[in-house]
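Only one structure is covered here, and it is reproduced in the block below.
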Amino acid sequence: MSLRYYQRDAVDSVWKYLRTHDDNPCVVIPTAGGKSHVLAEICREAVQTWHGRALVLTHVKELVEQNAAKLIRLLGTNMVGIYSAGLKSRETDKPVIAAGIQSVYRRIHELGVFNLVVVDEVHLIPPDRGPNSSEGMYRSFLAEMLRRNPGLRVVGLTATPYRMSTGDICSEKNILNNICYEIGVRELIDQGFLSPLISKAGRLKADTSGLHIRAGEFLTNETESLMDTDVLVKSAVGEIVELTADRNACLIFAAGIKHGDHIARIFREEHGIECGFITGSTPVSLRDKIIRRFKGPDELDVEQEQQSALFIEPEKPIEPLKYLCNVNVLTTGFDAPRIDCVAMLRPTASPGLMYQMIGRGFRLHHSKENCLVLDYADNIVRHGPVDCIKAGDRPKGKGDPPAKECPKCRAIIHAGYTVCPHCDHEFPRQEAQHAAHAGNAAVLSGETTIEEYDVQHVSYTVHHKRGADESYPKTLQVDYYVSITEKFSEWLCPEHTGYARGKFVKWWIARTDMPLPDTASDAVAIAEAGGLATAKRITVKSVSGDQFDRVVKYELGDKPAPVTVESKEERLARIRREDSWDDEDFSFTAAPAYSNDFGLTFDDDDIPF
């Protein structure tokens, strides 16, 4: 399995944290950013490099199944076991066990000793610490695990490092204590690892200002009563059908069961279109059948591979399903890359829940250019951009909204715009001044300025992620100097695959007729030899909430004649860097010696946990 650069960085950050701290770290990677690959690699290294034993915990059956499938593909069936009542498996003697907390927390005596516990989707652990709560189960379970092995370490993974209601999940008194690695939505979108997003408000929306909040969320009965009107449902469904005519798959979030049933009925009666509908009470067999249809035929191979790894006989979808409505089911752990529209017909007071809903459209797919987010409940205006939301950013009911809706085209845009960038609508002066004080932007952080600059000099370097060894993919860093002291940078990915590589190919072809390089160092060598067209002028977009400005347009000189560059061996000798940490730096309390039928013996001197 080949990791993306940030996935490798995340794994390395975990080990570095464990060797330099005594508490428990958390890794934050956006939805669809490949957390399961990070999880699997951590477990692989725990077993194969450090001769340890790892337990992967979650409290959602589907996540147990997904994690187990990834682990089995990486390590093999003889190294990975599943302990889950829902999956009818209670394996206990493998080096890596994927388990559901509900299944194991009272059966710890069956599992043996572990060195590492990895908790997936840790934001789902509720804050209630009672003995029968999810956190109570985790705490009781981990306390007993620590009694058996005082050197046990815990690692968490999540896309949203805060609970839906109570704030940050990392603190001194919590199970997890600090974030050891984090990468943002915007960065992964810009680098081509996540799908771009666009947003639009509904023609007709409900007024959510009168909703009451309890335990960090709007009251369910109030939200359903507000959203489940015939006028609103018919308007929303009609607009969804209109705006998704050329799209693949639309996932709809309803405010309640009656509301969701109403939505599905209007699709059928008013438009003659089938809309699937699932809730927490939908029978498992029916739910799985509906989801298989929604994922589409081109996802069947992936599903069959996963099911085969778990020795499950897969069923083929009967026919595709374009629209799927759900109530509190498909927010976490649901993977359908074809989704290119998310429609929120339920308001939420939780920024984390809004993130999870929109996140269903983050995944890349060969058939989609972006994901359209339709908001009929002012969630984006309420919480701000999905790449900037934080728990407790603004006191409830105070402060200006971070985004606003254009009254002409209904685009949801940065609150500071005086002119809509989509339709040129001019906002009233007082409104523009008022909005300029707001925080961030719409579905993603909004653009604030676009400027053009004459380029005085361009430099090309190989960008090597800190902490990674020489085998990990590198990027091409291009620095455009517009004055003696000011520059703008961009990063291109010749060593990656998919969309990121495609962006680089387009960039390269515009500048030279030289063959496409396979490495960043090859690209630099050609550039330094004068093989690329000169950038005379650039257009730079400054985006609110971003660390870096973006170069979005170029004025280039003529393509130069082909050039001769030094050999790869000569270049490698010139640029080779040494930047790694020594295994001997690890010093962790070890578990008692443990062995099993797989020939693994764990010594105190070997285990860095």
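Ordered as shown in the structure tokens, chains take letters A, B, and onward, while each chain numbers its residues from 1 and ligands are numbered from 1 in the order shown.
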Just asking: which residues within range 3-65 of chain A are alpha helix (DSSP H) according to DSSP, as number ranges by chain? A: 5-20, 35-48, 61-65
Kindly export the residues of the current selection with N, CA and C atoms, as a compact mmCIF listing (two decimals), in the first residue's frame.
```txt
# COMPACT_ATOMS: atom_id res chain seq x y z
N TYR A 5 1.60 11.58 0.84
CA TYR A 5 2.63 12.20 1.68
C TYR A 5 2.09 12.55 3.07
N TYR A 6 0.85 13.06 3.14
CA TYR A 6 0.33 13.49 4.43
C TYR A 6 -0.06 12.29 5.29
N GLN A 7 -0.44 11.18 4.66
CA GLN A 7 -0.71 9.96 5.42
C GLN A 7 0.58 9.44 6.06
N ARG A 8 1.67 9.48 5.28
CA ARG A 8 2.96 9.07 5.83
C ARG A 8 3.38 10.01 6.97
N ASP A 9 3.16 11.29 6.79
CA ASP A 9 3.49 12.25 7.84
C ASP A 9 2.69 11.96 9.11
N ALA A 10 1.41 11.61 8.93
CA ALA A 10 0.56 11.32 10.08
C ALA A 10 1.08 10.12 10.86
N VAL A 11 1.44 9.05 10.13
CA VAL A 11 1.97 7.85 10.80
C VAL A 11 3.25 8.18 11.55
N ASP A 12 4.16 8.89 10.88
CA ASP A 12 5.42 9.25 11.53
C ASP A 12 5.19 10.13 12.76
N SER A 13 4.20 11.02 12.67
CA SER A 13 3.90 11.90 13.80
C SER A 13 3.40 11.12 15.01
N VAL A 14 2.65 10.05 14.75
CA VAL A 14 2.18 9.21 15.85
C VAL A 14 3.36 8.59 16.59
N TRP A 15 4.29 7.99 15.83
CA TRP A 15 5.43 7.35 16.49
C TRP A 15 6.31 8.37 17.20
N LYS A 16 6.49 9.52 16.58
CA LYS A 16 7.30 10.55 17.24
C LYS A 16 6.65 11.01 18.53
N TYR A 17 5.33 11.18 18.50
CA TYR A 17 4.62 11.61 19.71
C TYR A 17 4.75 10.55 20.80
N LEU A 18 4.56 9.29 20.43
CA LEU A 18 4.60 8.22 21.43
C LEU A 18 5.98 8.10 22.09
N ARG A 19 7.02 8.43 21.34
CA ARG A 19 8.35 8.30 21.94
C ARG A 19 8.76 9.53 22.75
N THR A 20 8.03 10.64 22.59
CA THR A 20 8.41 11.87 23.29
C THR A 20 7.38 12.34 24.32
N LYS A 35 -8.17 8.18 6.29
CA LYS A 35 -7.79 7.84 7.67
C LYS A 35 -7.58 6.34 7.84
N SER A 36 -8.39 5.54 7.13
CA SER A 36 -8.28 4.08 7.30
C SER A 36 -6.92 3.57 6.84
N HIS A 37 -6.33 4.22 5.83
CA HIS A 37 -4.98 3.82 5.39
C HIS A 37 -3.95 4.15 6.47
N VAL A 38 -4.13 5.30 7.13
CA VAL A 38 -3.24 5.66 8.23
C VAL A 38 -3.39 4.66 9.37
N LEU A 39 -4.62 4.35 9.70
CA LEU A 39 -4.90 3.38 10.77
C LEU A 39 -4.25 2.04 10.46
N ALA A 40 -4.44 1.57 9.23
CA ALA A 40 -3.89 0.27 8.85
C ALA A 40 -2.36 0.26 8.90
N GLU A 41 -1.73 1.35 8.45
CA GLU A 41 -0.27 1.42 8.46
C GLU A 41 0.28 1.48 9.89
N ILE A 42 -0.40 2.21 10.78
CA ILE A 42 0.02 2.24 12.18
C ILE A 42 0.00 0.82 12.76
N CYS A 43 -1.07 0.09 12.46
CA CYS A 43 -1.17 -1.29 12.97
C CYS A 43 -0.11 -2.19 12.35
N ARG A 44 0.12 -2.01 11.05
CA ARG A 44 1.14 -2.84 10.40
C ARG A 44 2.51 -2.63 11.03
N GLU A 45 2.88 -1.37 11.24
CA GLU A 45 4.18 -1.09 11.83
C GLU A 45 4.25 -1.54 13.28
N ALA A 46 3.12 -1.42 14.00
CA ALA A 46 3.10 -1.89 15.39
C ALA A 46 3.42 -3.37 15.47
N VAL A 47 2.92 -4.13 14.50
CA VAL A 47 3.11 -5.59 14.50
C VAL A 47 4.44 -5.97 13.86
N GLN A 48 4.70 -5.49 12.64
CA GLN A 48 5.83 -5.98 11.87
C GLN A 48 7.14 -5.28 12.22
N LYS A 61 -20.76 -0.77 13.62
CA LYS A 61 -20.47 -2.05 12.98
C LYS A 61 -19.85 -1.87 11.60
N GLU A 62 -20.39 -0.91 10.81
CA GLU A 62 -19.89 -0.69 9.46
C GLU A 62 -18.42 -0.28 9.47
N LEU A 63 -18.02 0.49 10.48
CA LEU A 63 -16.62 0.90 10.57
C LEU A 63 -15.73 -0.27 10.97
N VAL A 64 -16.22 -1.13 11.84
CA VAL A 64 -15.46 -2.34 12.17
C VAL A 64 -15.19 -3.13 10.90
N GLU A 65 -16.22 -3.28 10.07
CA GLU A 65 -16.11 -4.04 8.83
C GLU A 65 -15.12 -3.38 7.86
```
I want to know what sits within 10 Å of His496 in chain A, based on only C-alpha atoms, with residues of the same chain fewer than 2 positions away left out; could you give that as a ChimeraX atom specification? /A:3-5,473-475,492-494,498-502,504,518-519
Within 8 Å of range 203-213 of chain A using only C-alpha atoms, minus same-chain residues under 6 positions, as a short mmCIF file (atom, residue, chain, number, x, y, z; two decimals) with N, CA and C atoms, in the first residue's frame:
```
data_model
loop_
_atom_site.label_atom_id
_atom_site.label_comp_id
_atom_site.auth_asym_id
_atom_site.auth_seq_id
_atom_site.Cartn_x
_atom_site.Cartn_y
_atom_site.Cartn_z
N LEU A 219 -33.83 20.94 19.11
CA LEU A 219 -34.78 19.91 19.53
C LEU A 219 -35.37 19.22 18.30
N GLU A 222 -39.00 20.03 17.20
CA GLU A 222 -39.14 21.37 16.63
C GLU A 222 -38.59 21.43 15.20
N THR A 223 -37.43 20.81 14.98
CA THR A 223 -36.85 20.86 13.63
C THR A 223 -37.73 20.13 12.62
N LEU A 226 -40.81 22.19 11.83
CA LEU A 226 -40.46 23.35 11.02
C LEU A 226 -40.22 22.98 9.56
N MET A 227 -39.50 21.87 9.33
CA MET A 227 -39.08 21.52 7.98
C MET A 227 -40.13 20.71 7.21
N LEU A 232 -42.62 23.63 1.67
CA LEU A 232 -41.16 23.58 1.71
C LEU A 232 -40.63 22.31 1.07
N SER A 235 -41.04 22.44 -2.76
CA SER A 235 -40.09 23.39 -3.34
C SER A 235 -38.68 22.80 -3.36
N ALA A 236 -38.26 22.20 -2.25
CA ALA A 236 -36.91 21.66 -2.15
C ALA A 236 -36.71 20.49 -3.11
N GLU A 239 -36.51 21.64 -6.71
CA GLU A 239 -35.23 22.29 -7.00
C GLU A 239 -34.10 21.26 -7.07
N PRO A 347 -31.86 21.43 9.79
CA PRO A 347 -30.94 22.36 10.46
C PRO A 347 -30.18 21.64 11.56
N ALA A 349 -27.45 22.60 14.97
CA ALA A 349 -26.67 23.55 15.75
C ALA A 349 -25.24 23.07 15.94
N TYR A 376 -30.91 24.03 2.76
CA TYR A 376 -32.26 24.55 2.94
C TYR A 376 -32.53 24.93 4.40
N ALA A 377 -31.49 24.97 5.22
CA ALA A 377 -31.68 25.21 6.65
C ALA A 377 -30.68 26.20 7.22
N ASP A 378 -30.00 26.96 6.36
CA ASP A 378 -29.04 27.99 6.79
C ASP A 378 -27.89 27.44 7.62
N ARG A 410 -28.56 33.22 -5.35
CA ARG A 410 -28.68 32.33 -4.20
C ARG A 410 -27.39 31.57 -3.88
#
```
